[in-house]
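query_23.cif follows; it contains mmCIF, C-alpha atoms.
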data_protein
loop_
_atom_site.group_PDB
_atom_site.id
_atom_site.type_symbol
_atom_site.label_atom_id
_atom_site.label_comp_id
_atom_site.auth_asym_id
_atom_site.auth_seq_id
_atom_site.Cartn_x
_atom_site.Cartn_y
_atom_site.Cartn_z
ATOM 1 C CA MET A 5 -10.866 11.340 20.316
ATOM 2 C CA ASN A 6 -10.820 7.563 19.846
ATOM 3 C CA SER A 7 -9.222 6.111 16.745
ATOM 4 C CA VAL A 8 -9.540 2.822 14.869
ATOM 5 C CA LEU A 9 -6.211 3.259 13.111
ATOM 6 C CA PRO A 10 -3.393 0.866 14.018
ATOM 7 C CA ASN A 11 -0.263 2.609 15.341
ATOM 8 C CA VAL A 12 1.755 2.020 12.150
ATOM 9 C CA ILE A 13 -0.889 3.854 10.107
ATOM 10 C CA LYS A 14 -1.406 6.605 12.684
ATOM 11 C CA ALA A 15 2.334 7.258 12.670
ATOM 12 C CA HIS A 16 2.722 7.466 8.883
ATOM 13 C CA ALA A 17 -0.665 8.301 7.376
ATOM 14 C CA PRO A 18 -3.089 9.740 9.893
ATOM 15 C CA LEU A 19 -6.459 10.631 8.422
ATOM 16 C CA ARG A 20 -6.638 14.401 8.805
ATOM 17 C CA LEU A 21 -9.695 16.159 7.456
ATOM 18 C CA ALA A 22 -10.137 19.895 6.918
ATOM 19 C CA PRO A 23 -13.418 21.770 6.510
ATOM 20 C CA LEU A 24 -14.104 23.221 3.050
ATOM 21 C CA GLY A 25 -17.466 24.670 3.997
ATOM 22 C CA PRO A 26 -20.583 23.700 5.922
ATOM 23 C CA MET A 27 -20.505 19.901 6.079
ATOM 24 C CA ASN A 28 -17.810 19.669 3.353
ATOM 25 C CA PHE A 29 -14.382 18.268 4.233
ATOM 26 C CA ALA A 30 -11.225 17.224 2.418
ATOM 27 C CA ALA A 31 -8.626 14.624 3.347
ATOM 28 C CA LEU A 32 -5.266 16.309 3.880
ATOM 29 C CA ASP A 33 -1.790 14.939 3.377
ATOM 30 C CA PHE A 34 -2.931 11.523 2.154
ATOM 31 C CA ARG A 35 0.276 10.949 0.150
ATOM 32 C CA LEU A 36 0.985 7.746 2.019
ATOM 33 C CA MET A 37 -2.501 6.346 1.511
ATOM 34 C CA LYS A 38 -1.097 3.026 0.245
ATOM 35 C CA ILE A 39 -0.004 2.186 3.778
ATOM 36 C CA TYR A 40 -3.659 1.257 4.383
ATOM 37 C CA PRO A 41 -3.702 -1.627 1.870
ATOM 38 C CA ALA A 42 -0.105 -2.584 2.691
ATOM 39 C CA TYR A 43 -1.009 -2.972 6.345
ATOM 40 C CA HIS A 44 -4.314 -4.729 5.640
ATOM 41 C CA ILE A 45 -2.890 -7.159 3.059
ATOM 42 C CA ILE A 46 -0.020 -8.139 5.369
ATOM 43 C CA GLN A 47 -2.287 -8.457 8.430
ATOM 44 C CA GLN A 48 -4.758 -10.647 6.506
ATOM 45 C CA GLY A 49 -1.886 -12.850 5.334
ATOM 46 C CA LEU A 50 -0.595 -13.188 8.900
ATOM 47 C CA ARG A 51 -4.108 -13.930 10.179
ATOM 48 C CA THR A 52 -4.726 -16.669 7.601
ATOM 49 C CA GLY A 53 -1.233 -18.163 7.852
ATOM 50 C CA VAL A 54 -0.324 -17.356 4.222
ATOM 51 C CA ILE A 55 2.385 -15.080 5.632
ATOM 52 C CA GLY A 56 4.662 -16.253 8.426
ATOM 53 C CA PRO A 57 7.579 -14.639 10.255
ATOM 54 C CA ASP A 58 10.095 -15.809 7.618
ATOM 55 C CA THR A 59 8.011 -14.972 4.549
ATOM 56 C CA THR A 60 9.445 -12.801 1.800
ATOM 57 C CA ILE A 61 6.842 -10.379 0.446
ATOM 58 C CA VAL A 62 7.076 -9.355 -3.231
ATOM 59 C CA GLU A 63 5.282 -6.630 -5.163
ATOM 60 C CA THR A 64 5.415 -4.773 -8.452
ATOM 61 C CA SER A 65 5.131 -1.039 -7.821
ATOM 62 C CA SER A 66 6.096 2.328 -9.224
ATOM 63 C CA GLY A 67 6.552 3.689 -5.731
ATOM 64 C CA THR A 68 3.647 4.453 -3.437
ATOM 65 C CA MET A 69 2.637 0.865 -2.648
ATOM 66 C CA ALA A 70 6.326 -0.017 -2.366
ATOM 67 C CA LEU A 71 6.755 2.632 0.323
ATOM 68 C CA GLY A 72 3.656 1.480 2.215
ATOM 69 C CA LEU A 73 4.836 -2.139 2.114
ATOM 70 C CA ALA A 74 8.380 -1.171 3.138
ATOM 71 C CA ILE A 75 7.114 0.657 6.222
ATOM 72 C CA VAL A 76 4.775 -2.185 7.212
ATOM 73 C CA CYS A 77 7.324 -4.940 6.527
ATOM 74 C CA LYS A 78 9.967 -3.048 8.531
ATOM 75 C CA HIS A 79 7.471 -2.587 11.384
ATOM 76 C CA ILE A 80 6.578 -6.304 11.400
ATOM 77 C CA GLY A 81 10.041 -7.637 10.519
ATOM 78 C CA LEU A 82 9.319 -9.183 7.110
ATOM 79 C CA LYS A 83 11.620 -9.305 4.074
ATOM 80 C CA LEU A 84 10.452 -7.324 1.033
ATOM 81 C CA GLN A 85 11.411 -7.436 -2.647
ATOM 82 C CA ILE A 86 10.081 -4.636 -4.874
ATOM 83 C CA PHE A 87 10.019 -4.826 -8.680
ATOM 84 C CA GLY A 88 9.771 -1.300 -10.001
ATOM 85 C CA ASP A 89 10.815 0.955 -12.857
ATOM 86 C CA ALA A 90 12.259 4.415 -13.503
ATOM 87 C CA ALA A 91 9.347 5.988 -11.572
ATOM 88 C CA ILE A 92 11.264 4.917 -8.462
ATOM 89 C CA ASP A 93 13.861 7.679 -8.368
ATOM 90 C CA ASP A 94 17.169 7.455 -6.488
ATOM 91 C CA GLY A 95 15.768 9.119 -3.348
ATOM 92 C CA LEU A 96 12.803 6.757 -3.094
ATOM 93 C CA LYS A 97 15.015 3.762 -3.882
ATOM 94 C CA ARG A 98 17.367 4.779 -1.074
ATOM 95 C CA THR A 99 14.425 5.196 1.330
ATOM 96 C CA LEU A 100 13.032 1.773 0.416
ATOM 97 C CA GLU A 101 16.447 0.172 0.904
ATOM 98 C CA GLN A 102 16.921 1.945 4.256
ATOM 99 C CA LEU A 103 13.621 0.417 5.313
ATOM 100 C CA GLY A 104 15.054 -3.002 4.420
ATOM 101 C CA ALA A 105 13.533 -3.612 0.981
ATOM 102 C CA LYS A 106 15.500 -5.003 -1.925
ATOM 103 C CA VAL A 107 14.598 -2.950 -5.011
ATOM 104 C CA HIS A 108 14.814 -4.365 -8.537
ATOM 105 C CA ILE A 109 14.545 -1.679 -11.227
ATOM 106 C CA VAL A 110 13.279 -2.977 -14.560
ATOM 107 C CA VAL A 111 14.306 -1.030 -17.655
ATOM 108 C CA ALA A 112 12.067 -1.081 -20.728
ATOM 109 C CA SER A 113 13.558 -1.301 -24.182
ATOM 110 C CA VAL A 114 12.263 0.036 -27.479
ATOM 111 C CA ALA A 115 11.338 -3.520 -28.489
ATOM 112 C CA ASP A 116 9.505 -4.199 -25.225
ATOM 113 C CA SER A 117 8.259 -0.972 -23.702
ATOM 114 C CA ASN A 118 5.432 -2.316 -21.507
ATOM 115 C CA VAL A 119 7.112 -1.735 -18.151
ATOM 116 C CA GLN A 120 4.180 -3.211 -16.195
ATOM 117 C CA THR A 121 4.590 -6.506 -18.042
ATOM 118 C CA LEU A 122 8.363 -6.434 -17.560
ATOM 119 C CA ARG A 123 8.026 -5.790 -13.830
ATOM 120 C CA LYS A 124 5.578 -8.679 -13.490
ATOM 121 C CA LYS A 125 7.867 -10.971 -15.496
ATOM 122 C CA ALA A 126 10.835 -10.148 -13.221
ATOM 123 C CA LEU A 127 8.660 -10.724 -10.142
ATOM 124 C CA MET A 128 7.446 -14.100 -11.477
ATOM 125 C CA GLU A 129 11.023 -15.181 -12.247
ATOM 126 C CA PHE A 130 12.022 -14.283 -8.688
ATOM 127 C CA MET A 131 9.057 -16.214 -7.247
ATOM 128 C CA ALA A 132 9.982 -19.270 -9.335
ATOM 129 C CA ARG A 133 13.309 -19.517 -7.518
ATOM 130 C CA THR A 134 12.481 -17.993 -4.100
ATOM 131 C CA PRO A 135 9.596 -18.929 -1.794
ATOM 132 C CA SER A 136 7.603 -15.733 -1.411
ATOM 133 C CA VAL A 137 4.128 -14.219 -1.205
ATOM 134 C CA TRP A 138 2.970 -11.660 -3.761
ATOM 135 C CA ALA A 139 0.911 -8.848 -2.204
ATOM 136 C CA ARG A 140 -0.909 -8.402 -5.563
ATOM 137 C CA GLN A 141 -2.053 -4.828 -5.068
ATOM 138 C CA TYR A 142 -3.951 -4.731 -8.386
ATOM 139 C CA ASP A 143 -6.224 -7.715 -7.859
ATOM 140 C CA ASN A 144 -6.136 -8.416 -4.125
ATOM 141 C CA PRO A 145 -9.572 -7.687 -2.616
ATOM 142 C CA ASP A 146 -7.818 -6.688 0.604
ATOM 143 C CA ASN A 147 -6.503 -3.619 -1.262
ATOM 144 C CA ARG A 148 -9.929 -2.026 -1.530
ATOM 145 C CA LEU A 149 -11.185 -3.396 1.782
ATOM 146 C CA ALA A 150 -8.257 -1.741 3.578
ATOM 147 C CA TYR A 151 -9.759 1.716 3.300
ATOM 148 C CA SER A 152 -12.628 0.767 5.556
ATOM 149 C CA LEU A 153 -10.264 1.900 8.353
ATOM 150 C CA ALA A 154 -10.194 5.377 6.811
ATOM 151 C CA ALA A 155 -13.984 5.306 6.458
ATOM 152 C CA GLU A 156 -14.414 4.276 10.092
ATOM 153 C CA GLU A 157 -12.045 7.059 11.148
ATOM 154 C CA ALA A 158 -14.016 9.627 9.124
ATOM 155 C CA ILE A 159 -17.275 8.399 10.666
ATOM 156 C CA LEU A 160 -15.758 8.695 14.152
ATOM 157 C CA GLN A 161 -14.794 12.293 13.368
ATOM 158 C CA PHE A 162 -17.977 13.427 11.570
ATOM 159 C CA GLY A 163 -20.780 10.924 12.043
ATOM 160 C CA GLN A 164 -22.902 9.964 9.064
ATOM 161 C CA ILE A 165 -21.394 10.813 5.668
ATOM 162 C CA ASP A 166 -23.932 11.354 2.892
ATOM 163 C CA ILE A 167 -21.700 12.163 -0.088
ATOM 164 C CA LEU A 168 -18.116 11.177 -0.808
ATOM 165 C CA VAL A 169 -16.079 12.508 -3.724
ATOM 166 C CA GLY A 170 -13.105 10.259 -4.423
ATOM 167 C CA PRO A 171 -9.867 10.888 -6.280
ATOM 168 C CA PRO A 172 -9.028 9.281 -9.624
ATOM 169 C CA GLY A 173 -6.680 6.309 -9.615
ATOM 170 C CA SER A 174 -7.004 2.552 -9.295
ATOM 171 C CA GLY A 175 -10.228 3.037 -7.327
ATOM 172 C CA GLY A 176 -9.000 1.126 -4.289
ATOM 173 C CA SER A 177 -8.942 4.161 -2.054
ATOM 174 C CA SER A 178 -12.308 5.588 -3.027
ATOM 175 C CA CYS A 179 -14.411 2.428 -3.383
ATOM 176 C CA ALA A 180 -13.835 1.295 0.200
ATOM 177 C CA LEU A 181 -14.286 4.774 1.632
ATOM 178 C CA SER A 182 -17.925 4.289 0.705
ATOM 179 C CA PHE A 183 -17.979 1.861 3.693
#
Please go through the file and, once you have read it, give me the structure as structure tokens.
Amino acid sequence: MNSVLPNVIKAHAPLRLAPLGPMNFAALDFRLMKIYPAYHIIQQGLRTGVIGPDTTIVETSSGTMALGLAIVCKHIGLKLQIFGDAAIDDGLKRTLEQLGAKVHIVVASVADSNVQTLRKKALMEFMARTPSVWARQYDNPDNRLAYSLAAEEAILQFGQIDILVGPPGSGGSSCALSF
């Protein structure tokens, strides 16, 4: 079977579908689905020249996007700085660091408990003193466009798809699967 997936995605997040019934299928083992936008965002940046071989990539993440970016940045040879919170446990932090990422854990206080805002503030302070490119997973259109690869893969496997039921979340993964 032919595949449209780049090798880095095929190795870490292959699109595997299982039949649920006649003409009903479910995506299996999609826990590393954020590798799709990580790969696409980085590739678009390389294509447009926004990202070069010496660019430091930065992102605020509670884990899944951080892991996708760490794998892609390691594969391509880019530096990565992640600004996360307690959702990044010791095991994930170790994995990210082994992949070459520098992980900054932001701790919320009672007075300022909005960890998203604190992560963004730490990221912005880093960017003010270090030339870098922010992947911007929450508002980068390449996030949602990245899943067109998964849609193409599903079409290669099954042909026309009439109905798609998507998971809850930021919407990035399900909106582009409607490709």
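CA of Leu100 (chain A) to CA of Arg51 (chain A) spans 25.2 Å [interatomic distance, one decimal].
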Q: Between CA of Ile55 (chain A) and CA of Tyr43 (chain A), measure the distance and give it in Å to one decimal.
A: 12.6 Å
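CA of Ile86 (chain A) is positioned 12.5 Å from CA of Arg98 (chain A).
The residues returned by the PyMOL selection byres ((chain A and resi 121-132) around 10) on the shown structure are Thr60, Ile61, Val62, Glu63, Thr64, Ser65, Ser66, Gln85, Ile86, Phe87, Gly88, Asp89, His108, Ile109, Val110, Val111, Ala112, Ser113, Asp116, Ser117, Asn118, Val119, Gln120, Arg133, Thr134, Pro135, Ser136, Val137 and Trp138 of chain A.
When all atoms listed in the file are used to measure the gap to Ala70 (chain A), the shortest distance among A:Ala91, A:Met27, A:Ala155, A:Val12 belongs to A:Ala91.
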Q) Any idea what's packed within 6 Å of Gly72 (chain A), counting only C-alpha atoms, ignoring anything in its chain fewer than 3 positions away? Could you give it as a ChimeraX atom specification? A) /A:38-39,42,69,75
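The residue that comes closest to Leu149 (chain A), out of A:Leu24, A:Ile13, A:Ile45, A:Met37 and on the basis of only C-alpha atoms, is A:Ile45.
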Neighbouring residues of Pro41 (chain A) were defined as those with any atom within 12 Å, considering all atoms listed in the file; residues of the same chain fewer than 2 positions away were excluded. Please report them as a PDB file with C-alpha atoms, in the coordinates of the input.
ATOM      1  CA  ILE A  13      -0.889   3.854  10.107  1.00  0.00           C
ATOM      2  CA  ALA A  17      -0.665   8.301   7.376  1.00  0.00           C
ATOM      3  CA  LEU A  36       0.985   7.746   2.019  1.00  0.00           C
ATOM      4  CA  MET A  37      -2.501   6.346   1.511  1.00  0.00           C
ATOM      5  CA  LYS A  38      -1.097   3.026   0.245  1.00  0.00           C
ATOM      6  CA  ILE A  39      -0.004   2.186   3.778  1.00  0.00           C
ATOM      7  CA  TYR A  43      -1.009  -2.972   6.345  1.00  0.00           C
ATOM      8  CA  HIS A  44      -4.314  -4.729   5.640  1.00  0.00           C
ATOM      9  CA  ILE A  45      -2.890  -7.159   3.059  1.00  0.00           C
ATOM     10  CA  ILE A  46      -0.020  -8.139   5.369  1.00  0.00           C
ATOM     11  CA  GLN A  47      -2.287  -8.457   8.430  1.00  0.00           C
ATOM     12  CA  GLN A  48      -4.758 -10.647   6.506  1.00  0.00           C
ATOM     13  CA  GLY A  49      -1.886 -12.850   5.334  1.00  0.00           C
ATOM     14  CA  THR A  68       3.647   4.453  -3.437  1.00  0.00           C
ATOM     15  CA  MET A  69       2.637   0.865  -2.648  1.00  0.00           C
ATOM     16  CA  ALA A  70       6.326  -0.017  -2.366  1.00  0.00           C
ATOM     17  CA  LEU A  71       6.755   2.632   0.323  1.00  0.00           C
ATOM     18  CA  GLY A  72       3.656   1.480   2.215  1.00  0.00           C
ATOM     19  CA  LEU A  73       4.836  -2.139   2.114  1.00  0.00           C
ATOM     20  CA  ILE A  75       7.114   0.657   6.222  1.00  0.00           C
ATOM     21  CA  VAL A  76       4.775  -2.185   7.212  1.00  0.00           C
ATOM     22  CA  ALA A 139       0.911  -8.848  -2.204  1.00  0.00           C
ATOM     23  CA  ARG A 140      -0.909  -8.402  -5.563  1.00  0.00           C
ATOM     24  CA  GLN A 141      -2.053  -4.828  -5.068  1.00  0.00           C
ATOM     25  CA  TYR A 142      -3.951  -4.731  -8.386  1.00  0.00           C
ATOM     26  CA  ASP A 143      -6.224  -7.715  -7.859  1.00  0.00           C
ATOM     27  CA  ASN A 144      -6.136  -8.416  -4.125  1.00  0.00           C
ATOM     28  CA  PRO A 145      -9.572  -7.687  -2.616  1.00  0.00           C
ATOM     29  CA  ASP A 146      -7.818  -6.688   0.604  1.00  0.00           C
ATOM     30  CA  ASN A 147      -6.503  -3.619  -1.262  1.00  0.00           C
ATOM     31  CA  ARG A 148      -9.929  -2.026  -1.530  1.00  0.00           C
ATOM     32  CA  LEU A 149     -11.185  -3.396   1.782  1.00  0.00           C
ATOM     33  CA  ALA A 150      -8.257  -1.741   3.578  1.00  0.00           C
ATOM     34  CA  TYR A 151      -9.759   1.716   3.300  1.00  0.00           C
ATOM     35  CA  SER A 152     -12.628   0.767   5.556  1.00  0.00           C
ATOM     36  CA  LEU A 153     -10.264   1.900   8.353  1.00  0.00           C
ATOM     37  CA  ALA A 154     -10.194   5.377   6.811  1.00  0.00           C
ATOM     38  CA  GLY A 176      -9.000   1.126  -4.289  1.00  0.00           C
ATOM     39  CA  SER A 177      -8.942   4.161  -2.054  1.00  0.00           C
ATOM     40  CA  ALA A 180     -13.835   1.295   0.200  1.00  0.00           C
TER      41      ALA A 180
END
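With distances taken over all atoms listed in the file, A:Gly104 is the one residue among A:Gly25, A:Gly104, A:Gly67, A:Gly56 lying closest to Leu84 (chain A).
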(Q) Is it possible to get the residues within 6 Å of (9.7, -13.3, 9.2) (coordinates as in the file, counting all atoms listed in the file) written as an NGL selection string? (A) :A and (56-59 or 81-82)
Q. Looking at A:Glu101, A:Ile165, A:Leu50, A:Glu156, which one is nearest to Ile80 (chain A), with distances taken over only C-alpha atoms?
A. A:Leu50
